[in-house]
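This is my_file06.pdb (PDB, C-alpha atoms).
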```pdb
ATOM      1  CA  MET A  29       6.010  18.993 -39.225
ATOM      2  CA  ASP A  30       7.869  16.471 -37.085
ATOM      3  CA  LYS A  31       9.152  18.155 -33.934
ATOM      4  CA  PHE A  32      12.650  16.800 -34.454
ATOM      5  CA  ASN A  33      12.847  18.522 -37.849
ATOM      6  CA  ASP A  34      12.292  21.957 -36.378
ATOM      7  CA  PRO A  35      15.546  23.852 -37.022
ATOM      8  CA  ALA A  36      14.686  26.443 -34.357
ATOM      9  CA  ASN A  37      15.544  24.070 -31.566
ATOM     10  CA  GLY A  38      19.312  23.551 -31.397
ATOM     11  CA  GLN A  39      19.200  20.550 -29.108
ATOM     12  CA  GLU A  40      16.708  18.753 -31.294
ATOM     13  CA  GLN A  41      18.794  19.655 -34.324
ATOM     14  CA  ARG A  42      21.780  17.961 -32.704
ATOM     15  CA  ALA A  43      19.607  14.945 -31.949
ATOM     16  CA  MET A  44      18.902  14.619 -35.625
ATOM     17  CA  GLU A  45      22.619  14.557 -36.252
ATOM     18  CA  ILE A  46      22.954  11.290 -34.327
ATOM     19  CA  SER A  47      23.481   8.735 -37.011
ATOM     20  CA  ASP A  48      21.621   5.476 -37.012
ATOM     21  CA  LYS A  49      24.937   3.731 -36.515
ATOM     22  CA  GLU A  50      25.596   5.688 -33.302
ATOM     23  CA  LEU A  51      22.096   5.008 -32.067
ATOM     24  CA  GLU A  52      22.464   1.343 -32.849
ATOM     25  CA  THR A  53      25.791   1.200 -30.977
ATOM     26  CA  ALA A  54      24.273   2.921 -27.951
ATOM     27  CA  LEU A  55      21.303   0.565 -27.896
ATOM     28  CA  GLN A  56      23.620  -2.431 -28.270
ATOM     29  CA  ASP A  57      25.768  -1.224 -25.370
ATOM     30  CA  PHE A  58      22.620  -0.682 -23.322
ATOM     31  CA  LYS A  59      21.390  -4.187 -24.046
ATOM     32  CA  ASN A  60      24.771  -5.738 -23.267
ATOM     33  CA  SER A  61      24.973  -3.769 -20.037
ATOM     34  CA  ILE A  62      21.574  -5.011 -18.851
ATOM     35  CA  HIS A  63      22.436  -8.583 -19.827
ATOM     36  CA  ALA A  64      25.698  -8.401 -17.862
ATOM     37  CA  TRP A  65      23.952  -6.907 -14.822
ATOM     38  CA  SER A  66      21.121  -9.409 -14.996
ATOM     39  CA  ASP A  67      23.484 -12.388 -15.286
ATOM     40  CA  ALA A  68      25.487 -11.183 -12.293
ATOM     41  CA  ALA A  69      22.362 -10.516 -10.215
ATOM     42  CA  TYR A  70      20.734 -13.784 -11.200
ATOM     43  CA  HIS A  71      23.688 -15.815  -9.968
ATOM     44  CA  ARG A  72      24.526 -13.741  -6.910
ATOM     45  CA  PRO A  73      24.482 -15.342  -3.461
ATOM     46  CA  ARG A  74      21.167 -14.700  -1.712
ATOM     47  CA  THR A  75      21.053 -12.629   1.485
ATOM     48  CA  LEU A  76      17.751 -13.578   3.015
ATOM     49  CA  ALA A  77      18.632 -13.268   6.717
ATOM     50  CA  ALA A  78      18.874  -9.467   6.779
ATOM     51  CA  GLU A  79      15.591  -9.099   4.956
ATOM     52  CA  VAL A  80      13.822 -11.511   7.326
ATOM     53  CA  ARG A  81      15.169  -9.684  10.336
ATOM     54  CA  HIS A  82      14.048  -6.393   8.904
ATOM     55  CA  ARG A  83      10.590  -7.712   8.156
ATOM     56  CA  SER A  84      10.228  -9.332  11.579
ATOM     57  CA  TRP A  85      11.162  -6.034  13.217
ATOM     58  CA  ARG A  86       8.516  -4.285  11.168
ATOM     59  CA  VAL A  87       5.925  -6.954  11.999
ATOM     60  CA  ALA A  88       6.741  -6.627  15.718
ATOM     61  CA  LEU A  89       6.357  -2.867  15.515
ATOM     62  CA  GLY A  90       3.041  -3.293  13.734
ATOM     63  CA  TRP A  91       1.793  -5.694  16.389
ATOM     64  CA  ALA A  92       2.929  -3.412  19.203
ATOM     65  CA  LEU A  93       1.169  -0.465  17.626
ATOM     66  CA  GLY A  94      -1.960  -2.543  17.059
ATOM     67  CA  CYS A  95      -1.985  -3.782  20.676
ATOM     68  CA  PHE A  96      -1.449  -0.225  21.918
ATOM     69  CA  LEU A  97      -4.382   1.027  19.887
ATOM     70  CA  VAL A  98      -6.658  -1.806  21.033
ATOM     71  CA  ALA A  99      -5.636  -1.324  24.678
ATOM     72  CA  GLY A 100      -6.181   2.429  24.355
ATOM     73  CA  THR A 101      -9.612   1.954  22.832
ATOM     74  CA  VAL A 102     -10.702  -0.584  25.468
ATOM     75  CA  SER A 103      -9.384   1.407  28.431
ATOM     76  CA  GLY A 104     -10.898   4.581  27.012
ATOM     77  CA  GLY A 105     -14.251   2.849  26.728
ATOM     78  CA  ILE A 106     -14.054   1.517  30.268
ATOM     79  CA  PHE A 107     -13.025   4.936  31.613
ATOM     80  CA  GLU A 108     -15.888   6.595  29.761
ATOM     81  CA  ARG A 109     -18.382   4.053  31.107
ATOM     82  CA  ASN A 110     -17.142   4.453  34.694
ATOM     83  CA  HIS A 111     -17.202   8.199  34.344
ATOM     84  CA  ARG A 112     -20.814   8.136  33.173
ATOM     85  CA  LEU A 113     -21.795   5.779  36.028
ATOM     86  CA  GLU A 114     -20.094   8.061  38.509
ATOM     87  CA  LEU A 115     -21.930  11.089  37.121
ATOM     88  CA  ALA A 116     -25.243   9.236  37.266
ATOM     89  CA  ARG A 117     -24.547   8.174  40.847
ATOM     90  CA  THR A 118     -23.683  11.726  41.879
ATOM     91  CA  ALA A 119     -26.794  13.075  40.181
ATOM     92  CA  ALA A 120     -28.963  10.470  41.930
ATOM     93  CA  ALA A 121     -27.414  11.310  45.301
ATOM     94  CA  GLN A 122     -27.935  14.982  44.617
ATOM     95  CA  ARG A 123     -31.584  14.409  43.743
ATOM     96  CA  SER A 124     -32.076  12.276  46.853
ATOM     97  CA  ALA A 125     -30.481  14.936  49.029
ATOM     98  CA  ASP A 126     -32.676  17.616  47.469
ATOM     99  CA  LEU A 127     -35.786  15.567  48.120
ATOM    100  CA  GLN A 128     -34.666  14.907  51.672
ATOM    101  CA  ARG A 129     -34.083  18.572  52.263
ATOM    102  CA  GLN A 130     -37.424  19.537  50.766
ATOM    103  CA  LEU A 131     -39.174  16.992  52.989
ATOM    104  CA  HIS A 132     -37.311  18.224  56.007
ATOM    105  CA  ASP A 133     -38.198  21.811  55.183
ATOM    106  CA  GLN A 134     -41.827  20.903  54.714
ATOM    107  CA  GLN A 135     -41.903  19.081  58.053
ATOM    108  CA  ALA A 136     -40.173  21.950  59.758
ATOM    109  CA  ALA A 137     -42.622  24.388  58.265
ATOM    110  CA  LYS A 138     -45.502  22.181  59.308
ATOM    111  CA  GLN A 139     -44.193  21.929  62.872
ATOM    112  CA  THR A 140     -43.761  25.666  63.021
ATOM    113  CA  ASP A 141     -47.314  26.276  61.825
ATOM    114  CA  GLU A 142     -48.748  23.810  64.334
ATOM    115  CA  GLY A 143     -46.792  25.354  67.232
ATOM    116  CA  LEU A 144     -47.841  28.828  66.246
ATOM    117  CA  LEU A 145     -51.483  27.793  66.105
ATOM    118  CA  ALA A 146     -51.195  26.091  69.476
ATOM    119  CA  ASP A 147     -49.632  29.192  70.991
ATOM    120  CA  VAL A 148     -52.357  31.301  69.472
ATOM    121  CA  ASP A 149     -55.003  28.935  70.898
ATOM    122  CA  THR A 150     -53.412  29.062  74.339
ATOM    123  CA  ASP A 151     -53.072  32.798  74.195
ATOM    124  CA  VAL A 152     -56.632  33.210  72.942
ATOM    125  CA  SER A 153     -57.971  30.805  75.585
ATOM    126  CA  ARG A 154     -56.086  32.545  78.353
ATOM    127  CA  GLU A 155     -56.968  35.972  77.199
ATOM    128  CA  VAL A 156     -60.174  36.956  79.082
ATOM    129  CA  PRO A 157     -61.633  40.362  78.725
ATOM    130  CA  SER A 158     -61.542  42.320  81.991
ATOM    131  CA  ALA A 159     -65.311  42.845  81.843
ATOM    132  CA  LEU A 160     -65.898  39.097  82.142
ATOM    133  CA  GLU A 161     -63.369  38.599  84.951
ATOM    134  CA  PRO A 162     -66.005  38.337  87.742
ATOM    135  CA  LEU A 163     -67.932  35.747  85.763
ATOM    136  CA  ALA A 164     -64.833  33.735  85.184
ATOM    137  CA  GLN A 165     -64.040  33.959  88.876
ATOM    138  CA  MET A 166     -67.494  32.656  89.703
ATOM    139  CA  MET A 167     -67.095  29.735  87.380
ATOM    140  CA  ASN A 168     -63.850  28.869  88.993
ATOM    141  CA  ASP A 169     -65.401  28.989  92.404
ATOM    142  CA  ASP A 170     -68.276  26.713  91.337
ATOM    143  CA  GLU A 171     -65.814  24.239  90.020
ATOM    144  CA  THR A 172     -63.940  24.193  93.310
ATOM    145  CA  LYS A 173     -67.125  23.610  95.255
TER     146      LYS A 173
ATOM    147  CA  MET B 266     -15.156 -51.256 -14.461
ATOM    148  CA  ALA B 267     -12.575 -51.079 -11.665
ATOM    149  CA  ALA B 268      -9.810 -51.723 -14.165
ATOM    150  CA  GLY B 269     -11.143 -48.872 -16.307
ATOM    151  CA  THR B 270     -11.155 -46.497 -13.327
ATOM    152  CA  ALA B 271      -7.607 -47.459 -12.445
ATOM    153  CA  LEU B 272      -6.527 -46.865 -16.057
ATOM    154  CA  ASP B 273      -8.231 -43.445 -16.047
ATOM    155  CA  ALA B 274      -6.472 -42.534 -12.818
ATOM    156  CA  MET B 275      -3.141 -43.609 -14.286
ATOM    157  CA  ALA B 276      -3.802 -41.586 -17.442
ATOM    158  CA  ILE B 277      -4.637 -38.487 -15.336
ATOM    159  CA  THR B 278      -1.487 -38.954 -13.261
ATOM    160  CA  THR B 279       0.613 -39.317 -16.412
ATOM    161  CA  ALA B 280      -0.944 -36.177 -17.927
ATOM    162  CA  GLU B 281      -0.309 -34.225 -14.707
ATOM    163  CA  ASP B 282       3.304 -35.407 -14.633
ATOM    164  CA  ALA B 283       3.762 -34.378 -18.247
ATOM    165  CA  ALA B 284       2.278 -30.931 -17.556
ATOM    166  CA  ALA B 285       4.528 -30.505 -14.520
ATOM    167  CA  GLN B 286       7.588 -31.464 -16.549
ATOM    168  CA  GLU B 287       6.576 -29.104 -19.332
ATOM    169  CA  PHE B 288       6.122 -26.268 -16.843
ATOM    170  CA  ALA B 289       9.511 -27.019 -15.258
ATOM    171  CA  ARG B 290      11.102 -26.743 -18.704
ATOM    172  CA  VAL B 291       9.349 -23.400 -19.310
ATOM    173  CA  VAL B 292      10.595 -22.073 -15.962
ATOM    174  CA  GLN B 293      14.144 -23.178 -16.656
ATOM    175  CA  LYS B 294      14.117 -21.624 -20.119
ATOM    176  CA  HIS B 295      12.378 -18.299 -19.491
ATOM    177  CA  ARG B 296      13.120 -17.416 -15.889
ATOM    178  CA  PRO B 297      16.359 -15.515 -16.643
ATOM    179  CA  GLN B 298      14.608 -13.507 -19.355
ATOM    180  CA  ILE B 299      11.672 -12.562 -17.151
ATOM    181  CA  PHE B 300      14.058 -11.622 -14.362
ATOM    182  CA  ARG B 301      16.108  -9.504 -16.766
ATOM    183  CA  PHE B 302      13.053  -7.664 -18.050
ATOM    184  CA  LEU B 303      11.833  -6.932 -14.527
ATOM    185  CA  LEU B 304      15.315  -5.861 -13.429
ATOM    186  CA  ALA B 305      15.581  -3.437 -16.348
ATOM    187  CA  SER B 306      12.092  -2.107 -15.595
ATOM    188  CA  THR B 307      12.585  -1.607 -11.864
ATOM    189  CA  ARG B 308      16.395  -1.260 -11.485
ATOM    190  CA  ASP B 309      15.870  -3.155  -8.200
ATOM    191  CA  VAL B 310      17.392  -6.631  -7.875
ATOM    192  CA  ASP B 311      15.322  -7.677  -4.845
ATOM    193  CA  LEU B 312      12.076  -6.420  -6.330
ATOM    194  CA  ALA B 313      12.849  -8.089  -9.668
ATOM    195  CA  GLU B 314      13.434 -11.393  -7.868
ATOM    196  CA  THR B 315      10.220 -11.094  -5.893
ATOM    197  CA  LEU B 316       8.177 -10.228  -8.971
ATOM    198  CA  THR B 317       9.803 -13.072 -10.937
ATOM    199  CA  GLN B 318       8.810 -15.519  -8.181
ATOM    200  CA  GLU B 319       5.262 -14.169  -8.199
ATOM    201  CA  CYS B 320       5.130 -14.348 -11.977
ATOM    202  CA  PHE B 321       6.013 -18.047 -12.052
ATOM    203  CA  LEU B 322       3.734 -18.793  -9.117
ATOM    204  CA  LYS B 323       0.852 -17.196 -10.985
ATOM    205  CA  ALA B 324       1.848 -18.987 -14.167
ATOM    206  CA  HIS B 325       1.901 -22.310 -12.318
ATOM    207  CA  ARG B 326      -1.593 -21.723 -10.955
ATOM    208  CA  ASN B 327      -2.924 -20.888 -14.411
ATOM    209  CA  TRP B 328      -0.810 -23.330 -16.396
ATOM    210  CA  ALA B 329      -3.841 -25.515 -17.116
ATOM    211  CA  SER B 330      -5.646 -22.566 -18.718
ATOM    212  CA  PHE B 331      -2.703 -21.731 -21.019
ATOM    213  CA  ARG B 332      -3.886 -22.838 -24.446
ATOM    214  CA  GLY B 333      -0.763 -21.998 -26.405
ATOM    215  CA  GLU B 334      -2.367 -19.260 -28.526
ATOM    216  CA  SER B 335       0.784 -17.208 -27.983
ATOM    217  CA  SER B 336       4.252 -18.391 -27.043
ATOM    218  CA  ALA B 337       4.919 -19.235 -23.397
ATOM    219  CA  MET B 338       7.377 -16.344 -23.234
ATOM    220  CA  THR B 339       4.744 -13.853 -24.429
ATOM    221  CA  TRP B 340       2.251 -15.252 -21.925
ATOM    222  CA  LEU B 341       4.801 -14.994 -19.090
ATOM    223  CA  MET B 342       5.753 -11.496 -20.177
ATOM    224  CA  ARG B 343       2.132 -10.435 -19.988
ATOM    225  CA  ILE B 344       1.891 -11.764 -16.425
ATOM    226  CA  ALA B 345       5.133  -9.963 -15.520
ATOM    227  CA  ILE B 346       3.895  -6.660 -16.971
ATOM    228  CA  ASN B 347       0.628  -6.918 -15.012
ATOM    229  CA  LEU B 348       2.452  -7.773 -11.786
ATOM    230  CA  GLN B 349       4.736  -4.807 -12.255
ATOM    231  CA  LYS B 350       1.743  -2.519 -12.836
ATOM    232  CA  ASP B 351       0.016  -3.874  -9.729
ATOM    233  CA  HIS B 352       3.156  -3.346  -7.695
ATOM    234  CA  TRP B 353       3.490   0.334  -8.617
ATOM    235  CA  ARG B 354      -0.240   0.906  -8.170
ATOM    236  CA  ASN B 355      -0.126  -0.624  -4.683
ATOM    237  CA  ARG B 356       2.909   1.422  -3.813
ATOM    238  CA  ARG B 357       1.137   4.595  -4.861
ATOM    239  CA  MET B 358      -1.903   3.650  -2.774
ATOM    240  CA  GLN B 359       0.217   2.843   0.275
ATOM    241  CA  PHE B 360       1.775   6.283   0.368
ATOM    242  CA  TRP B 361       2.037   6.244   4.167
ATOM    243  CA  ARG B 362       4.461   3.313   4.119
ATOM    244  CA  THR B 363       8.161   3.991   4.114
ATOM    245  CA  THR B 364       9.191   3.400   0.552
ATOM    246  CA  ARG B 365      12.362   1.483   1.168
ATOM    247  CA  THR B 366      13.645   0.392  -2.195
ATOM    248  CA  ASN B 367      16.899  -1.127  -3.275
ATOM    249  CA  GLY B 368      16.627   0.431  -6.711
ATOM    250  CA  VAL B 369      19.944   1.682  -8.041
ATOM    251  CA  ASP B 370      20.400   4.998  -9.780
ATOM    252  CA  VAL B 371      21.262   5.431 -13.430
ATOM    253  CA  ASP B 372      25.000   5.835 -12.844
ATOM    254  CA  GLU B 373      25.212   2.625 -10.863
ATOM    255  CA  ALA B 374      23.226   0.741 -13.476
ATOM    256  CA  SER B 375      25.618   2.005 -16.148
ATOM    257  CA  GLU B 376      28.568   0.415 -14.340
ATOM    258  CA  TRP B 377      27.702  -2.932 -15.866
ATOM    259  CA  LEU B 378      29.358  -3.491 -19.201
ATOM    260  CA  SER B 379      29.893  -6.570 -21.312
ATOM    261  CA  SER B 380      33.469  -7.791 -21.565
ATOM    262  CA  GLY B 381      33.545  -6.913 -25.290
ATOM    263  CA  GLU B 382      35.205  -3.496 -24.917
ATOM    264  CA  SER B 383      38.944  -3.881 -25.194
ATOM    265  CA  SER B 384      40.476  -0.534 -24.259
ATOM    266  CA  VAL B 385      39.847   1.752 -21.330
ATOM    267  CA  GLU B 386      38.699   4.494 -23.700
ATOM    268  CA  GLN B 387      36.162   2.183 -25.323
ATOM    269  CA  LYS B 388      34.857   1.213 -21.897
ATOM    270  CA  LEU B 389      34.468   4.839 -20.862
ATOM    271  CA  LEU B 390      32.644   5.701 -24.056
ATOM    272  CA  ALA B 391      30.382   2.692 -23.707
ATOM    273  CA  ARG B 392      29.612   3.616 -20.094
ATOM    274  CA  GLU B 393      28.761   7.146 -21.151
ATOM    275  CA  ARG B 394      26.410   5.897 -23.871
ATOM    276  CA  VAL B 395      24.723   3.427 -21.518
ATOM    277  CA  SER B 396      24.254   6.151 -18.930
ATOM    278  CA  GLN B 397      22.630   8.412 -21.513
ATOM    279  CA  VAL B 398      20.251   5.667 -22.636
ATOM    280  CA  TRP B 399      19.360   4.958 -18.996
ATOM    281  CA  THR B 400      18.623   8.658 -18.444
ATOM    282  CA  ALA B 401      16.327   8.646 -21.463
ATOM    283  CA  VAL B 402      14.637   5.400 -20.376
ATOM    284  CA  LYS B 403      14.065   6.807 -16.891
ATOM    285  CA  SER B 404      12.175   9.754 -18.361
ATOM    286  CA  LEU B 405       9.825   7.575 -20.446
ATOM    287  CA  SER B 406       6.285   6.770 -19.427
ATOM    288  CA  GLU B 407       5.676   3.304 -17.969
ATOM    289  CA  ARG B 408       4.160   2.016 -21.203
ATOM    290  CA  GLN B 409       6.867   3.500 -23.426
ATOM    291  CA  ARG B 410       9.559   2.033 -21.189
ATOM    292  CA  THR B 411       7.960  -1.424 -21.273
ATOM    293  CA  VAL B 412       7.710  -1.394 -25.050
ATOM    294  CA  PHE B 413      11.245  -0.047 -25.440
ATOM    295  CA  LEU B 414      12.803  -2.646 -23.144
ATOM    296  CA  MET B 415      10.909  -5.506 -24.785
ATOM    297  CA  ARG B 416      12.078  -4.381 -28.205
ATOM    298  CA  TYR B 417      15.698  -3.394 -27.596
ATOM    299  CA  VAL B 418      16.692  -5.546 -24.624
ATOM    300  CA  GLU B 419      14.577  -8.658 -25.105
ATOM    301  CA  GLU B 420      14.531  -8.275 -28.901
ATOM    302  CA  GLN B 421      10.902  -9.253 -29.261
ATOM    303  CA  ASP B 422       8.838  -8.764 -32.410
ATOM    304  CA  LEU B 423       6.232  -6.022 -32.612
ATOM    305  CA  ASN B 424       3.563  -8.695 -32.762
ATOM    306  CA  GLU B 425       4.799 -10.336 -29.552
ATOM    307  CA  ILE B 426       5.039  -6.973 -27.797
ATOM    308  CA  ALA B 427       1.497  -6.105 -28.885
ATOM    309  CA  THR B 428       0.186  -9.444 -27.565
ATOM    310  CA  ALA B 429       2.035  -9.157 -24.253
ATOM    311  CA  THR B 430       1.036  -5.556 -23.593
ATOM    312  CA  GLY B 431      -2.499  -5.829 -24.967
ATOM    313  CA  LEU B 432      -1.880  -2.900 -27.332
ATOM    314  CA  SER B 433      -2.318  -2.749 -31.081
ATOM    315  CA  GLU B 434       0.775  -2.952 -33.256
ATOM    316  CA  GLY B 435       0.247   0.630 -34.358
ATOM    317  CA  THR B 436       0.261   1.845 -30.764
ATOM    318  CA  VAL B 437       3.378  -0.185 -30.040
ATOM    319  CA  LYS B 438       5.100   1.425 -33.027
ATOM    320  CA  ALA B 439       4.078   4.887 -31.862
ATOM    321  CA  HIS B 440       5.415   4.254 -28.346
ATOM    322  CA  LEU B 441       8.657   2.861 -29.752
ATOM    323  CA  SER B 442       9.081   5.820 -32.043
ATOM    324  CA  ARG B 443       8.670   8.291 -29.173
ATOM    325  CA  ALA B 444      11.020   6.304 -26.959
ATOM    326  CA  VAL B 445      13.727   6.140 -29.627
ATOM    327  CA  ALA B 446      13.314   9.842 -30.329
ATOM    328  CA  ARG B 447      13.863  10.489 -26.614
ATOM    329  CA  VAL B 448      17.007   8.329 -26.614
ATOM    330  CA  ARG B 449      18.241  10.082 -29.746
ATOM    331  CA  LEU B 450      17.667  13.447 -28.113
ATOM    332  CA  GLU B 451      19.567  12.420 -24.994
ATOM    333  CA  LEU B 452      22.499  11.084 -27.018
ATOM    334  CA  GLY B 453      22.589  14.205 -29.181
ATOM    335  CA  GLY B 454      22.155  16.673 -26.331
ATOM    336  CA  LYS B 455      25.123  15.468 -24.324
ATOM    337  CA  ARG B 456      27.623  15.602 -27.181
TER     338      ARG B 456
END
```
Is it possible to express this structure as structure tokens?
Amino acid sequence: MDKFNDPANGQEQRAMEISDKELETALQDFKNSIHAWSDAAYHRPRTLAAEVRHRSWRVALGWALGCFLVAGTVSGGIFERNHRLELARTAAAQRSADLQRQLHDQQAAKQTDEGLLADVDTDVSREVPSALEPLAQMMNDDETK
Amino acid sequence: MAAGTALDAMAITTAEDAAAQEFARVVQKHRPQIFRFLLASTRDVDLAETLTQECFLKAHRNWASFRGESSAMTWLMRIAINLQKDHWRNRRMQFWRTTRTNGVDVDEASEWLSSGESSVEQKLLARERVSQVWTAVKSLSERQRTVFLMRYVEEQDLNEIATATGLSEGTVKAHLSRAVARVRLELGGKR
């Protein structure tokens, strides 16, 4: 069954009541209206200046936005590069300082060990048992003679 | 030999001139119709003008390939329909752009009436009917609207509509039937 023949729907029932003559008149009016509008619009004076100004404003905004994005990208890249270089430089300095300190510590430790050994040697060499004191005295005397 | 070449060149120039004149005649004859169809489809005077310009530019570029299998009007209408489709597709794709349109609403479009109505009452009734048809047309699908406008505003044959839209005649009839039913419903519902 055609949906417009369904008597259950009141609106569609009313639509069926539209005679062909009424429909034809409405379509004719519609056509005439569009023809009148089209003729008027076709022969209207053109207003190009406002449109051009509007477009140029939009183009300028687009360019500004584009330049801003490019500048942001470039400066961001440069900042990132400098930041990485700075970090690398700091890390290198840190490593160098660590090495320096380790070297210094090693040298200090070495000097300490050598001094301690020397002291021990001196102490050991000076330390004479009391039982050998006469012999040591005799050796000293011989040397003086 | 040289004389022959010169004659060939002259013949080519004459043929080009003839084609240019023929195209100029086609533009002069069909431009208002194409503009009217696009205006009715878009309800936007500026957009209709732009699309009309593009339509004739495209037609000019492809004028040499037009073999006259259909009428020039049908061929131009097909170009206009495709341009219109492309325009709406592009607009849908560019959803981030501000959709600034100069399209008028249904009431404003209904303001235009032919000078045939004599009394104020007749004018009011005609305006009411036009507004109702516009409301119905607005609710149609793109394809139904195109077919409806070509049939009832441009008064083209079913065969021409089928050629211009690339649809079969049966499909065109089906679209027209649905569109008219919608108009009928709108006219009946507001009584």
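The coordinates place atom CA of Gln409 of chain B at 5.2 Å from atom CA of His440 of chain B.
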Taking only residues of chain B that have an atom at most 6 Å from an atom of chain A, what is each one's shortest atom pair and its distance in Å to one decimal, using all atoms listed in the file, in chain and number order, as a Markdown table?
```
| residue | atom | partner | partner_atom | distance |
| --- | --- | --- | --- | --- |
| B:Arg301 | CA | A:Ser66 | CA | 5.3 |
| B:Trp377 | CA | A:Ser61 | CA | 5.1 |
| B:Leu378 | CA | A:Ser61 | CA | 4.5 |
| B:Ser379 | CA | A:Asn60 | CA | 5.5 |
| B:Arg394 | CA | A:Ala54 | CA | 5.5 |
| B:Val395 | CA | A:Phe58 | CA | 5.0 |
| B:Val418 | CA | A:Lys59 | CA | 4.9 |
| B:Arg449 | CA | A:Ala43 | CA | 5.5 |
| B:Leu450 | CA | A:Ala43 | CA | 4.6 |
| B:Gly453 | CA | A:Ala43 | CA | 4.1 |
| B:Gly454 | CA | A:Gln39 | CA | 5.6 |
```
Near Ala427 of chain B, counting all atoms listed in the file, which residues have an atom at most 10 Å away, once you skip same-chain residues fewer than 3 positions from it, shown as a PyMOL selection string?
-> chain B and resi 339+343+412+421-424+430-438
Using all atoms listed in the file, which residues sit within 7 Å of segment 397-405 of chain B once same-chain residues fewer than 3 positions away are excluded, as number ranges by chain?
-> A: 58; B: 371, 393-394, 409-410, 444, 447-448, 451-452
Rounded to one decimal place, report the atom CA of Ala120 of chain A-atom CA of Ile106 of chain A distance in Å.
-> 20.9 Å
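Coordinates place atom CA of Ala121 of chain A at a distance of 28.1 Å from atom CA of Thr140 of chain A.
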Neighbours of Ala284 of chain B within 12 Å (all atoms listed in the file; same-chain residues fewer than 3 positions away dropped), as a short mmCIF file (atom, residue, chain, number, x, y, z; two decimals) with C-alpha atoms, keeping the file's coordinate frame?
```cif
data_model
loop_
_atom_site.label_atom_id
_atom_site.label_comp_id
_atom_site.auth_asym_id
_atom_site.auth_seq_id
_atom_site.Cartn_x
_atom_site.Cartn_y
_atom_site.Cartn_z
CA ILE B 277 -4.64 -38.49 -15.34
CA THR B 278 -1.49 -38.95 -13.26
CA THR B 279 0.61 -39.32 -16.41
CA ALA B 280 -0.94 -36.18 -17.93
CA GLU B 281 -0.31 -34.22 -14.71
CA GLU B 287 6.58 -29.10 -19.33
CA PHE B 288 6.12 -26.27 -16.84
CA ALA B 289 9.51 -27.02 -15.26
CA ARG B 290 11.10 -26.74 -18.70
CA VAL B 291 9.35 -23.40 -19.31
CA HIS B 325 1.90 -22.31 -12.32
CA ARG B 326 -1.59 -21.72 -10.96
CA ASN B 327 -2.92 -20.89 -14.41
CA TRP B 328 -0.81 -23.33 -16.40
CA ALA B 329 -3.84 -25.52 -17.12
CA SER B 330 -5.65 -22.57 -18.72
CA PHE B 331 -2.70 -21.73 -21.02
#
```
Could you spell out the hits of the PyMOL selection byres ((chain B and resi 319) around 12) on the shown file, as a ChimeraX atom specification?
-> /B:296,299-300,303,312-318,320-326,341,344-349,351-352
